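The file input.cif contains mmCIF, C-alpha atoms (C1' of nucleotides):
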data_upload
loop_
_atom_site.label_atom_id
_atom_site.label_comp_id
_atom_site.auth_asym_id
_atom_site.auth_seq_id
_atom_site.Cartn_x
_atom_site.Cartn_y
_atom_site.Cartn_z
CA MET A 1337 -62.76 77.45 6.88
CA ALA A 1338 -65.52 79.75 7.98
CA THR A 1339 -67.99 78.19 5.58
CA VAL A 1340 -66.97 74.73 6.80
CA LEU A 1341 -67.87 75.71 10.34
CA ASP A 1342 -71.07 77.43 9.19
CA GLY A 1343 -72.16 74.18 7.60
CA ALA A 1344 -71.30 72.28 10.76
CA VAL A 1345 -73.14 74.80 12.94
CA ARG A 1346 -76.24 74.42 10.81
CA ILE A 1347 -76.41 70.63 10.86
CA PHE A 1348 -75.58 70.42 14.57
CA ARG A 1349 -78.34 72.97 15.32
CA GLU A 1350 -80.87 70.92 13.40
CA ARG A 1351 -79.95 67.41 14.52
CA GLY A 1352 -77.79 67.80 17.63
CA TYR A 1353 -74.40 66.17 18.18
CA ASN A 1354 -75.57 62.57 18.67
CA ALA A 1355 -77.87 62.31 15.65
CA THR A 1356 -75.37 63.92 13.28
CA SER A 1357 -73.10 61.41 11.53
CA ILE A 1358 -69.76 62.03 9.85
CA ALA A 1359 -71.57 61.50 6.56
CA ASP A 1360 -74.00 64.31 7.49
CA LEU A 1361 -71.08 66.56 8.42
CA SER A 1362 -69.33 65.77 5.18
CA LEU A 1363 -72.39 66.88 3.19
CA ALA A 1364 -72.90 69.95 5.34
CA THR A 1365 -69.28 71.14 5.23
CA GLY A 1366 -68.23 70.05 1.78
CA LEU A 1367 -65.24 68.15 3.23
CA ALA A 1368 -64.69 64.41 3.01
CA ALA A 1369 -64.38 62.47 6.22
CA GLY A 1370 -60.60 62.21 5.93
CA SER A 1371 -60.34 65.97 5.59
CA ILE A 1372 -62.58 66.56 8.59
CA TYR A 1373 -60.26 64.37 10.66
CA LYS A 1374 -57.18 66.14 9.37
CA ALA A 1375 -58.59 69.56 10.15
CA PHE A 1376 -60.39 68.88 13.45
CA LYS A 1377 -58.90 65.66 14.84
CA ASP A 1378 -62.33 64.06 15.35
CA LYS A 1379 -66.09 64.66 15.41
CA ARG A 1380 -65.93 66.20 18.87
CA GLY A 1381 -63.23 68.63 17.74
CA LEU A 1382 -65.41 69.82 14.86
CA PHE A 1383 -68.35 70.14 17.24
CA LEU A 1384 -66.35 72.30 19.65
CA ALA A 1385 -65.13 74.54 16.83
CA ALA A 1386 -68.68 74.89 15.54
CA PHE A 1387 -70.01 75.59 19.05
CA ASP A 1388 -67.37 78.31 19.59
CA ARG A 1389 -68.24 79.90 16.27
CA TYR A 1390 -71.95 79.83 17.10
CA VAL A 1391 -71.37 81.43 20.52
CA GLU A 1392 -69.11 84.09 19.02
CA GLU A 1393 -71.68 84.90 16.36
CA GLY A 1394 -74.34 85.11 19.03
CA ASP A 1395 -72.18 87.48 21.05
CA ALA A 1396 -71.69 89.66 17.97
CA LEU A 1397 -75.45 89.72 17.32
CA ARG A 1398 -76.14 90.65 20.94
CA ARG A 1399 -73.57 93.46 20.76
CA LEU A 1400 -75.22 94.66 17.55
CA ALA A 1401 -78.63 94.56 19.22
CA PHE A 1402 -77.22 96.75 21.99
CA GLN A 1403 -75.55 99.23 19.64
CA ASN A 1404 -78.84 100.92 18.92
CA GLY A 1405 -78.25 102.11 22.45
CA GLY A 1406 -80.91 103.44 24.66
CA ASN A 1407 -81.29 102.59 28.28
CA GLY A 1408 -81.15 99.19 29.98
CA ARG A 1409 -84.79 98.45 29.24
CA ASP A 1410 -84.37 99.34 25.54
CA LYS A 1411 -81.39 97.04 25.30
CA LEU A 1412 -83.23 94.12 26.87
CA LYS A 1413 -86.16 94.69 24.57
CA SER A 1414 -83.78 94.59 21.59
CA LEU A 1415 -82.30 91.37 22.89
CA LEU A 1416 -85.69 89.72 23.36
CA GLY A 1417 -86.65 90.92 19.89
CA LEU A 1418 -83.50 89.38 18.47
CA TYR A 1419 -84.34 86.04 20.05
CA ALA A 1420 -88.00 86.30 19.01
CA ASN A 1421 -86.88 86.71 15.40
CA ALA A 1422 -84.33 83.92 15.62
CA SER A 1423 -86.95 81.60 17.15
CA SER A 1424 -89.64 82.05 14.52
CA GLY A 1425 -90.37 80.63 11.08
CA ALA A 1426 -88.00 78.27 9.29
CA GLU A 1427 -84.97 79.71 11.07
CA GLY A 1428 -86.62 79.11 14.42
CA MET A 1429 -87.36 75.50 13.54
CA ARG A 1430 -83.68 74.98 12.85
CA GLY A 1431 -82.98 75.42 16.55
CA CYS A 1432 -80.30 76.79 18.82
CA LEU A 1433 -76.97 75.02 19.22
CA VAL A 1434 -76.71 76.08 22.86
CA ALA A 1435 -80.22 74.92 23.81
CA GLY A 1436 -79.74 71.69 21.87
CA SER A 1437 -76.39 71.02 23.47
CA THR A 1438 -77.87 71.70 26.92
CA ILE A 1439 -80.40 68.94 26.34
CA GLU A 1440 -77.54 66.61 25.36
CA LEU A 1441 -75.42 67.52 28.41
CA ALA A 1442 -75.72 64.04 29.94
CA THR A 1443 -74.05 62.49 26.91
CA MET A 1444 -71.09 64.87 26.86
CA ASP A 1445 -67.64 64.67 28.40
CA ALA A 1446 -66.92 67.09 31.25
CA ALA A 1447 -64.92 69.57 29.18
CA THR A 1448 -67.61 69.89 26.51
CA ALA A 1449 -70.31 70.18 29.18
CA ARG A 1450 -68.35 73.02 30.79
CA GLN A 1451 -68.29 74.91 27.49
CA VAL A 1452 -72.07 74.61 27.18
CA LYS A 1453 -72.63 75.76 30.75
CA ALA A 1454 -70.16 78.62 30.23
CA ALA A 1455 -72.25 79.83 27.29
CA HIS A 1456 -75.31 80.04 29.56
CA ALA A 1457 -73.32 81.76 32.28
CA ARG A 1458 -72.09 84.39 29.81
CA THR A 1459 -75.62 85.12 28.57
CA GLU A 1460 -76.92 85.28 32.12
CA GLN A 1461 -74.13 87.69 33.14
CA LEU A 1462 -75.02 89.94 30.22
CA LEU A 1463 -78.64 89.90 31.39
CA VAL A 1464 -77.65 90.75 34.97
CA ARG A 1465 -75.42 93.62 33.80
CA THR A 1466 -78.07 95.05 31.54
CA ILE A 1467 -80.78 94.81 34.18
CA ARG A 1468 -78.52 96.58 36.67
CA GLU A 1469 -77.72 99.23 34.07
CA GLY A 1470 -81.45 99.76 33.67
CA GLN A 1471 -81.88 100.01 37.39
CA VAL A 1472 -79.20 102.73 37.47
CA ASP A 1473 -80.62 104.70 34.51
CA GLY A 1474 -84.13 104.40 35.96
CA SER A 1475 -85.66 102.41 33.12
CA ILE A 1476 -85.97 99.24 35.23
CA ASN A 1477 -87.53 98.93 38.67
CA ALA A 1478 -84.66 99.22 41.15
CA ALA A 1479 -86.47 96.95 43.63
CA ILE A 1480 -86.40 93.76 41.59
CA ASP A 1481 -83.75 91.12 42.16
CA SER A 1482 -81.39 91.41 39.20
CA GLY A 1483 -80.20 87.84 39.60
CA ALA A 1484 -83.66 86.32 39.66
CA SER A 1485 -84.93 88.45 36.80
CA ALA A 1486 -81.84 87.62 34.75
CA GLY A 1487 -82.45 83.92 35.46
CA LEU A 1488 -86.06 84.28 34.35
CA MET A 1489 -84.98 86.13 31.20
CA LEU A 1490 -82.53 83.32 30.43
CA CYS A 1491 -85.36 80.80 30.77
CA ILE A 1492 -87.54 82.87 28.44
CA LEU A 1493 -84.78 83.09 25.83
CA GLN A 1494 -84.02 79.36 25.98
CA GLY A 1495 -87.73 78.54 26.07
CA MET A 1496 -88.28 80.56 22.92
CA ARG A 1497 -85.60 78.54 21.18
CA VAL A 1498 -87.22 75.26 22.19
CA VAL A 1499 -90.79 76.25 21.36
CA GLY A 1500 -89.47 77.78 18.12
CA LYS A 1501 -88.56 74.28 16.95
CA THR A 1502 -92.28 73.48 16.77
CA GLY A 1503 -92.84 76.33 14.30
CA ARG A 1504 -94.05 79.72 15.49
CA SER A 1505 -94.68 82.88 13.51
CA ARG A 1506 -92.71 86.07 14.00
CA ASP A 1507 -95.87 87.82 15.21
CA ASP A 1508 -96.46 85.10 17.80
CA MET A 1509 -92.94 85.45 19.14
CA ASN A 1510 -92.90 89.25 19.06
CA ALA A 1511 -96.15 89.33 21.02
CA LEU A 1512 -94.34 87.61 23.88
CA VAL A 1513 -91.66 90.26 24.01
CA GLU A 1514 -94.07 93.02 25.06
CA LEU A 1515 -95.44 90.87 27.87
CA ALA A 1516 -92.05 89.71 29.02
CA MET A 1517 -90.93 93.30 29.56
CA LYS A 1518 -93.48 93.53 32.38
CA ILE A 1519 -91.07 91.49 34.48
CA LEU A 1520 -88.91 94.58 34.70
CA ASP A 1521 -91.70 96.80 36.01
CA MET B 89 -95.23 47.03 32.69
CA ALA B 90 -95.47 50.35 34.45
CA THR B 91 -91.99 50.01 35.88
CA VAL B 92 -90.67 49.08 32.43
CA LEU B 93 -92.02 52.33 31.03
CA ASP B 94 -90.79 54.29 34.05
CA GLY B 95 -87.28 53.04 33.37
CA ALA B 96 -87.61 53.95 29.69
CA VAL B 97 -88.95 57.42 30.56
CA ARG B 98 -86.00 58.03 32.82
CA ILE B 99 -83.28 57.07 30.34
CA PHE B 100 -84.96 58.89 27.43
CA ARG B 101 -85.25 62.04 29.60
CA GLU B 102 -81.56 61.92 30.41
CA ARG B 103 -80.09 60.96 27.04
CA GLY B 104 -82.80 61.64 24.45
CA TYR B 105 -84.02 59.17 21.82
CA ASN B 106 -80.97 59.23 19.55
CA ALA B 107 -78.28 58.74 22.19
CA THR B 108 -80.14 55.94 23.95
CA SER B 109 -79.22 52.46 22.68
CA ILE B 110 -81.18 49.22 23.02
CA ALA B 111 -78.53 48.14 25.52
CA ASP B 112 -79.27 51.27 27.58
CA LEU B 113 -82.99 50.54 27.41
CA SER B 114 -82.40 46.95 28.46
CA LEU B 115 -80.55 48.09 31.59
CA ALA B 116 -83.10 50.79 32.35
CA THR B 117 -86.17 48.59 31.92
CA GLY B 118 -84.86 45.24 33.14
CA LEU B 119 -85.96 43.57 29.87
CA ALA B 120 -83.63 41.94 27.38
CA ALA B 121 -83.58 43.24 23.82
CA GLY B 122 -85.69 40.36 22.50
CA SER B 123 -88.34 41.07 25.13
CA ILE B 124 -88.38 44.77 24.32
CA TYR B 125 -89.05 43.91 20.67
CA LYS B 126 -91.77 41.48 21.59
CA ALA B 127 -93.52 43.98 23.83
CA PHE B 128 -93.07 47.20 21.83
CA LYS B 129 -92.28 46.14 18.25
CA ASP B 130 -89.17 48.36 18.07
CA LYS B 131 -87.24 51.15 19.76
CA ARG B 132 -89.60 53.79 18.40
CA GLY B 133 -92.60 51.88 19.82
CA LEU B 134 -91.04 51.87 23.27
CA PHE B 135 -90.25 55.55 22.94
CA LEU B 136 -93.85 56.40 22.03
CA ALA B 137 -95.18 54.34 24.95
CA ALA B 138 -92.73 56.07 27.31
CA PHE B 139 -93.62 59.49 25.91
CA ASP B 140 -97.36 58.84 26.38
CA ARG B 141 -96.74 57.72 29.94
CA TYR B 142 -94.65 60.82 30.66
CA VAL B 143 -97.33 63.14 29.23
CA GLU B 144 -100.07 61.37 31.18
CA GLU B 145 -98.07 61.65 34.39
CA GLY B 146 -97.49 65.31 33.68
CA ASP B 147 -101.20 65.86 33.13
CA ALA B 148 -101.93 64.12 36.45
CA LEU B 149 -99.38 66.34 38.24
CA ARG B 150 -100.87 69.47 36.68
CA ARG B 151 -104.38 68.38 37.74
CA LEU B 152 -103.02 67.79 41.24
CA ALA B 153 -101.38 71.22 41.27
CA PHE B 154 -104.77 72.75 40.36
CA GLN B 155 -106.69 70.75 42.97
CA ASN B 156 -105.57 73.08 45.73
CA GLY B 157 -108.03 75.33 43.98
CA GLY B 158 -108.00 79.04 44.28
CA ASN B 159 -108.45 81.43 41.45
CA GLY B 160 -106.79 81.43 38.03
CA ARG B 161 -103.74 83.23 39.34
CA ASP B 162 -103.30 80.79 42.21
CA LYS B 163 -103.50 77.88 39.82
CA LEU B 164 -100.88 79.32 37.51
CA LYS B 165 -98.62 79.99 40.44
CA SER B 166 -98.99 76.36 41.52
CA LEU B 167 -98.15 75.24 37.99
CA LEU B 168 -95.04 77.41 37.82
CA GLY B 169 -94.06 76.14 41.25
CA LEU B 170 -94.48 72.57 40.07
CA TYR B 171 -92.17 73.20 37.11
CA ALA B 172 -89.69 75.13 39.27
CA ASN B 173 -89.40 72.10 41.54
CA ALA B 174 -89.15 69.64 38.68
CA SER B 175 -86.43 71.77 37.05
CA SER B 176 -84.13 72.05 40.04
CA GLY B 177 -81.48 69.87 41.66
CA ALA B 178 -80.72 66.34 40.49
CA GLU B 179 -84.25 65.84 39.18
CA GLY B 180 -83.96 69.02 37.14
CA MET B 181 -80.70 67.87 35.60
CA ARG B 182 -82.41 64.71 34.42
CA GLY B 183 -84.43 66.79 31.99
CA CYS B 184 -87.86 66.83 30.45
CA LEU B 185 -88.90 64.29 27.85
CA VAL B 186 -91.07 66.81 26.04
CA ALA B 187 -88.38 69.52 25.88
CA GLY B 188 -85.77 66.97 24.86
CA SER B 189 -87.99 65.49 22.19
CA THR B 190 -88.73 68.97 20.87
CA ILE B 191 -85.03 69.53 20.32
CA GLU B 192 -84.87 66.21 18.45
CA LEU B 193 -87.91 67.00 16.27
CA ALA B 194 -85.85 67.19 13.07
CA THR B 195 -84.76 63.58 13.48
CA MET B 196 -88.26 62.19 14.03
CA ASP B 197 -90.82 60.76 11.65
CA ALA B 198 -93.95 62.86 11.09
CA ALA B 199 -96.19 60.85 13.40
CA THR B 200 -93.79 61.06 16.33
CA ALA B 201 -93.23 64.77 15.69
CA ARG B 202 -97.00 65.30 15.78
CA GLN B 203 -97.18 63.67 19.21
CA VAL B 204 -94.49 65.99 20.55
CA LYS B 205 -96.19 69.07 19.12
CA ALA B 206 -99.53 67.87 20.48
CA ALA B 207 -98.04 67.74 23.97
CA HIS B 208 -97.03 71.42 23.66
CA ALA B 209 -100.45 72.34 22.29
CA ARG B 210 -102.15 70.63 25.23
CA THR B 211 -100.02 72.49 27.78
CA GLU B 212 -100.57 75.77 25.98
CA GLN B 213 -104.34 75.24 25.88
CA LEU B 214 -104.32 74.58 29.63
CA LEU B 215 -102.43 77.85 30.11
CA VAL B 216 -104.90 79.78 27.93
CA ARG B 217 -107.88 78.30 29.80
CA THR B 218 -106.39 79.08 33.18
CA ILE B 219 -105.46 82.63 32.23
CA ARG B 220 -108.99 83.21 30.94
CA GLU B 221 -110.40 81.73 34.13
CA GLY B 222 -108.29 84.22 36.07
CA GLN B 223 -109.49 87.06 33.88
CA VAL B 224 -113.09 86.06 34.68
CA ASP B 225 -112.52 85.70 38.45
CA GLY B 226 -110.62 88.99 38.53
CA SER B 227 -107.27 87.58 39.65
CA ILE B 228 -105.62 88.23 36.27
CA ASN B 229 -105.62 91.49 34.32
CA ALA B 230 -108.53 91.22 31.85
CA ALA B 231 -106.68 93.43 29.34
CA ILE B 232 -103.80 91.10 28.57
CA ASP B 233 -103.85 88.85 25.52
CA SER B 234 -104.48 85.35 26.84
CA GLY B 235 -102.90 83.73 23.79
CA ALA B 236 -99.69 85.70 23.99
CA SER B 237 -99.35 85.34 27.74
CA ALA B 238 -100.00 81.60 27.48
CA GLY B 239 -97.31 81.41 24.80
CA LEU B 240 -94.90 83.26 27.04
CA MET B 241 -95.75 80.99 29.98
CA LEU B 242 -95.08 77.97 27.77
CA CYS B 243 -91.66 79.40 26.91
CA ILE B 244 -90.91 79.98 30.58
CA LEU B 245 -91.88 76.42 31.50
CA GLN B 246 -89.83 74.89 28.67
CA GLY B 247 -86.95 77.27 29.39
CA MET B 248 -86.89 76.16 33.01
CA ARG B 249 -86.57 72.56 31.89
CA VAL B 250 -83.65 73.40 29.62
CA VAL B 251 -81.80 75.61 32.09
CA GLY B 252 -82.54 73.03 34.79
CA LYS B 253 -80.28 70.58 32.93
CA THR B 254 -77.33 72.79 33.85
CA GLY B 255 -78.10 72.40 37.56
CA ARG B 256 -80.12 75.04 39.43
CA SER B 257 -81.19 75.10 43.04
CA ARG B 258 -84.81 75.01 44.10
CA ASP B 259 -84.44 78.51 45.58
CA ASP B 260 -83.11 79.83 42.26
CA MET B 261 -86.02 78.39 40.37
CA ASN B 262 -88.66 79.42 42.91
CA ALA B 263 -87.35 83.01 42.80
CA LEU B 264 -88.29 83.13 39.12
CA VAL B 265 -91.87 82.12 39.84
CA GLU B 266 -92.64 85.29 41.79
CA LEU B 267 -91.28 87.46 39.01
CA ALA B 268 -93.02 85.52 36.27
CA MET B 269 -96.38 86.17 37.90
CA LYS B 270 -95.96 89.87 37.07
CA ILE B 271 -96.79 88.98 33.48
CA LEU B 272 -100.37 88.54 34.60
CA ASP B 273 -100.61 91.97 36.20
"C1'" DT C 559 -97.44 12.58 33.18
"C1'" DT C 560 -96.70 14.03 28.57
"C1'" DA C 561 -97.34 17.20 24.83
"C1'" DT C 562 -97.79 21.75 23.39
"C1'" DT C 563 -97.57 26.63 23.81
"C1'" DT C 564 -95.72 30.74 25.73
"C1'" DT C 565 -92.13 33.54 27.41
"C1'" DG C 566 -87.58 35.57 28.28
"C1'" DG C 567 -83.33 36.39 26.61
"C1'" DA C 568 -78.47 35.08 24.58
"C1'" DA C 569 -76.53 35.01 20.33
"C1'" DT C 570 -76.51 36.44 15.75
"C1'" DT C 571 -77.15 39.39 11.69
"C1'" DA C 572 -76.88 43.26 8.66
"C1'" DT C 573 -76.15 47.96 8.76
"C1'" DT C 574 -74.33 52.19 10.37
"C1'" DC C 575 -71.02 54.42 12.83
"C1'" DA C 576 -66.41 57.01 14.00
"C1'" DT C 577 -61.94 56.75 12.72
"C1'" DT C 578 -57.79 55.32 10.11
"C1'" DT C 579 -55.21 54.03 6.09
"C1'" DC C 580 -53.57 54.59 1.81
"C1'" DC C 581 -53.43 56.53 -2.76
"C1'" DA C 582 -53.22 59.90 -6.34
"C1'" DA C 583 -53.26 64.61 -7.73
"C1'" DA C 584 -51.53 69.09 -6.85
"C1'" DA C 585 -48.15 72.10 -5.10
"C1'" DT C 586 -43.58 73.23 -3.85
"C1'" DC C 587 -38.62 72.96 -3.90
"C1'" DA C 588 -34.07 72.30 -5.76
"C1'" DT D 1476 -37.52 69.12 -15.18
"C1'" DG D 1477 -37.50 65.84 -11.62
"C1'" DA D 1478 -37.91 64.88 -6.68
"C1'" DT D 1479 -40.32 65.58 -2.61
"C1'" DT D 1480 -44.01 67.18 0.22
"C1'" DT D 1481 -48.70 68.45 0.97
"C1'" DT D 1482 -53.48 67.88 0.43
"C1'" DG D 1483 -58.04 65.89 -0.42
"C1'" DG D 1484 -60.69 62.09 -0.24
"C1'" DA D 1485 -62.16 57.01 -1.39
"C1'" DA D 1486 -61.89 52.84 0.73
"C1'" DA D 1487 -61.13 50.08 4.60
"C1'" DT D 1488 -61.35 48.93 9.56
"C1'" DG D 1489 -63.12 47.78 13.99
"C1'" DA D 1490 -66.85 48.89 17.01
"C1'" DA D 1491 -71.53 49.95 17.95
"C1'" DT D 1492 -76.12 49.85 16.52
"C1'" DA D 1493 -81.22 48.22 15.75
"C1'" DA D 1494 -83.46 44.29 14.87
"C1'" DT D 1495 -84.05 39.19 14.27
"C1'" DT D 1496 -83.39 34.35 15.17
"C1'" DC D 1497 -83.36 30.52 17.78
"C1'" DC D 1498 -83.17 28.02 22.06
"C1'" DA D 1499 -84.38 26.54 26.60
"C1'" DA D 1500 -87.13 27.10 30.64
"C1'" DA D 1501 -91.65 27.81 32.40
"C1'" DA D 1502 -96.47 27.50 32.03
"C1'" DT D 1503 -100.56 25.48 30.35
"C1'" DA D 1504 -103.57 21.96 28.45
"C1'" DA D 1505 -105.05 17.35 27.70
#
Render the structure in this file as structure tokens.
Amino acid sequence: MATVLDGAVRIFRERGYNATSIADLSLATGLAAGSIYKAFKDKRGLFLAAFDRYVEEGDALRRLAFQNGGNGRDKLKSLLGLYANASSGAEGMRGCLVAGSTIELATMDAATARQVKAAHARTEQLLVRTIREGQVDGSINAAIDSGASAGLMLCILQGMRVVGKTGRSRDDMNALVELAMKILD
Amino acid sequence: MATVLDGAVRIFRERGYNATSIADLSLATGLAAGSIYKAFKDKRGLFLAAFDRYVEEGDALRRLAFQNGGNGRDKLKSLLGLYANASSGAEGMRGCLVAGSTIELATMDAATARQVKAAHARTEQLLVRTIREGQVDGSINAAIDSGASAGLMLCILQGMRVVGKTGRSRDDMNALVELAMKILD
DNA sequence: TTATTTTGGAATTATTCATTTCCAAAATCA
DNA sequence: TGATTTTGGAAATGAATAATTCCAAAATAA
């Protein structure tokens, strides 16, 4: 089942929900259309399962990035580095399921749209918490607005994912990370 | 003709190329399907015309933002302010045709993809030029890498357009602008 | 005024789409 | 071993799609 969802995640990242047909999903997951419908009820159900898996995997990667510890600033730098890597080369061109789904928000039903917005809210909350942690441990300027800087960080992360679709090198993306950290000064 | 393209720009911004049908375009432009085909050859032709118009309008807005003059830093602040406004409220939720098209890159033919990438390149070149201008007039730190900081600015601008789809207030977005300017310190 | 050309769009066409139906093979149960 | 249930998927269905055809009204030319 996990590999079915991995295949779905991949094709939805590349093409988005609307441009991905059941035939595409069948190729990507290895299941025939009838089986997809038996397992997920419909295309939207498979999308939601894939989206959840993608968000969970992202959460796990972010936790891993934070496990190397250090102070708030170190953690944020790890996070930006993680996104810089994910946004470069062939993997970067594949795209982000959250960014892609955000662009398609207008074509989604309310419940699906809520899931997409919730994913952003969760990332933004993590950013706020980590910035505040840095402000407490002294690694981040205590005077900056944690909400605003978290919002800016979220834009940078999403922007990397979009620009990554056009093909950027790892060096290009990593160069941005150093500069972005100045926001926290 | 201009209002036809304006209608097309609007619906493509909101829904993207793939999720916009000829029926949608007919409603948005006021032309029947047969007329659309006579004027633009096909859906892709209308999209390209709409995309060109959107990019040209964006260029005009950026020129306008720069006309208030000032040094390099002032100009960049105006540009970020322009994007912050465009990315907030109902207008922000409508989305950006360039960001949206970037997400759909994998579903485009090579010529259309080149146009989308060219739009990014043009914005990035403007950012590089303006940062260098600021480094010459002393308003921007001469030591920072103009290429990397332009790349980061591009990510911020595109990220604002994506996050703006989820609904952000003008105050939220403007708060980011102040912080983003620290990159140039 | 009549003939011809141009224009706008309704209707149609062929294809693709999401979803359902139905069938046969495999697995399970008695 | 035979009967029944489960499972996977090919084929079919009805709707939506991009694009084309054809018609009538409007405009132009003689």
**OP:** Would you kindly report the residues of chain D within 8 Å of chain B, using only C-alpha atoms (C1' of nucleotides), as a VMD selection string?
**Re:** chain D and resid 1492 to 1494
Subject >> Residue IDs satisfying the PyMOL selection byres ((chain B and resi 228) around 10), as a VMD selection string >> reply: chain B and resid 159 to 162 218 to 227 229 to 232 234 269 to 273
**OP:** Report as a PyMOL selection string the set of chain A residues whose atoms approach chain B to within 8 Å, with distances computed over only C-alpha atoms.
**Re:** chain A and resi 1350-1352+1354-1355+1431+1435-1436+1438-1443+1453+1484-1485+1487-1488+1490-1496+1498-1499+1501-1502+1508+1511-1512+1515-1516+1518-1519
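Proximity to DT1482 (chain D) at 9 Å, evaluated using only C-alpha atoms (C1' of nucleotides) and with sequence-adjacent residues fewer than 5 positions away removed, yields A:Ser1371, C:DA583, C:DA584, C:DA585.
Distances here use only C-alpha atoms (C1' of nucleotides); by that measure, the residue among C:DT571, C:DT559, C:DT564, C:DA576 closest to DA1491 (chain D) is C:DA576.
Listed by chain and then by number, the residues chosen by the PyMOL selection byres ((chain C) within 12 of (chain A)) in this file are C:DT574, C:DC575, C:DA576, C:DT577, C:DT578, C:DT579, C:DC580.
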Subject >> Picked residues, the PyMOL selection byres ((chain D and resi 1497-1502) around 10), expected as a ChimeraX atom specification >> reply: /C:563-570 /D:1495-1496,1503-1504
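Across the structure, CA of Val1345 (chain A) and CA of Ala1368 (chain A) are spaced 16.7 Å apart.
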Can you give me N, CA and C atoms for region 1372-1386 of chain A, written as a PDB file, in the coordinates of the input?
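Writing the result to selection.pdb gives the following:
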ATOM      1  N   ILE A1372     -62.045  66.109   7.296  1.00  0.00           N
ATOM      2  CA  ILE A1372     -62.580  66.560   8.590  1.00  0.00           C
ATOM      3  C   ILE A1372     -61.617  66.129   9.691  1.00  0.00           C
ATOM      4  N   TYR A1373     -61.152  64.867   9.606  1.00  0.00           N
ATOM      5  CA  TYR A1373     -60.260  64.370  10.660  1.00  0.00           C
ATOM      6  C   TYR A1373     -58.913  65.065  10.634  1.00  0.00           C
ATOM      7  N   LYS A1374     -58.454  65.420   9.446  1.00  0.00           N
ATOM      8  CA  LYS A1374     -57.180  66.140   9.370  1.00  0.00           C
ATOM      9  C   LYS A1374     -57.299  67.539   9.945  1.00  0.00           C
ATOM     10  N   ALA A1375     -58.445  68.169   9.703  1.00  0.00           N
ATOM     11  CA  ALA A1375     -58.590  69.560  10.150  1.00  0.00           C
ATOM     12  C   ALA A1375     -58.998  69.682  11.611  1.00  0.00           C
ATOM     13  N   PHE A1376     -59.791  68.715  12.120  1.00  0.00           N
ATOM     14  CA  PHE A1376     -60.390  68.880  13.450  1.00  0.00           C
ATOM     15  C   PHE A1376     -60.089  67.767  14.436  1.00  0.00           C
ATOM     16  N   LYS A1377     -59.319  66.824  14.048  1.00  0.00           N
ATOM     17  CA  LYS A1377     -58.900  65.660  14.840  1.00  0.00           C
ATOM     18  C   LYS A1377     -59.995  64.604  14.955  1.00  0.00           C
ATOM     19  N   ASP A1378     -61.217  65.007  15.291  1.00  0.00           N
ATOM     20  CA  ASP A1378     -62.330  64.060  15.350  1.00  0.00           C
ATOM     21  C   ASP A1378     -63.654  64.822  15.337  1.00  0.00           C
ATOM     22  N   LYS A1379     -64.741  64.073  15.441  1.00  0.00           N
ATOM     23  CA  LYS A1379     -66.090  64.660  15.410  1.00  0.00           C
ATOM     24  C   LYS A1379     -66.278  65.673  16.532  1.00  0.00           C
ATOM     25  N   ARG A1380     -65.794  65.310  17.708  1.00  0.00           N
ATOM     26  CA  ARG A1380     -65.930  66.200  18.870  1.00  0.00           C
ATOM     27  C   ARG A1380     -65.187  67.501  18.629  1.00  0.00           C
ATOM     28  N   GLY A1381     -64.003  67.431  18.024  1.00  0.00           N
ATOM     29  CA  GLY A1381     -63.230  68.630  17.740  1.00  0.00           C
ATOM     30  C   GLY A1381     -63.977  69.565  16.799  1.00  0.00           C
ATOM     31  N   LEU A1382     -64.625  68.994  15.784  1.00  0.00           N
ATOM     32  CA  LEU A1382     -65.410  69.820  14.860  1.00  0.00           C
ATOM     33  C   LEU A1382     -66.596  70.430  15.605  1.00  0.00           C
ATOM     34  N   PHE A1383     -67.208  69.631  16.472  1.00  0.00           N
ATOM     35  CA  PHE A1383     -68.350  70.140  17.240  1.00  0.00           C
ATOM     36  C   PHE A1383     -67.921  71.353  18.081  1.00  0.00           C
ATOM     37  N   LEU A1384     -66.807  71.216  18.783  1.00  0.00           N
ATOM     38  CA  LEU A1384     -66.350  72.300  19.650  1.00  0.00           C
ATOM     39  C   LEU A1384     -66.037  73.570  18.860  1.00  0.00           C
ATOM     40  N   ALA A1385     -65.420  73.388  17.689  1.00  0.00           N
ATOM     41  CA  ALA A1385     -65.130  74.540  16.830  1.00  0.00           C
ATOM     42  C   ALA A1385     -66.425  75.195  16.360  1.00  0.00           C
ATOM     43  N   ALA A1386     -67.384  74.365  15.995  1.00  0.00           N
ATOM     44  CA  ALA A1386     -68.680  74.890  15.540  1.00  0.00           C
ATOM     45  C   ALA A1386     -69.395  75.603  16.680  1.00  0.00           C
TER      46      ALA A1386
END
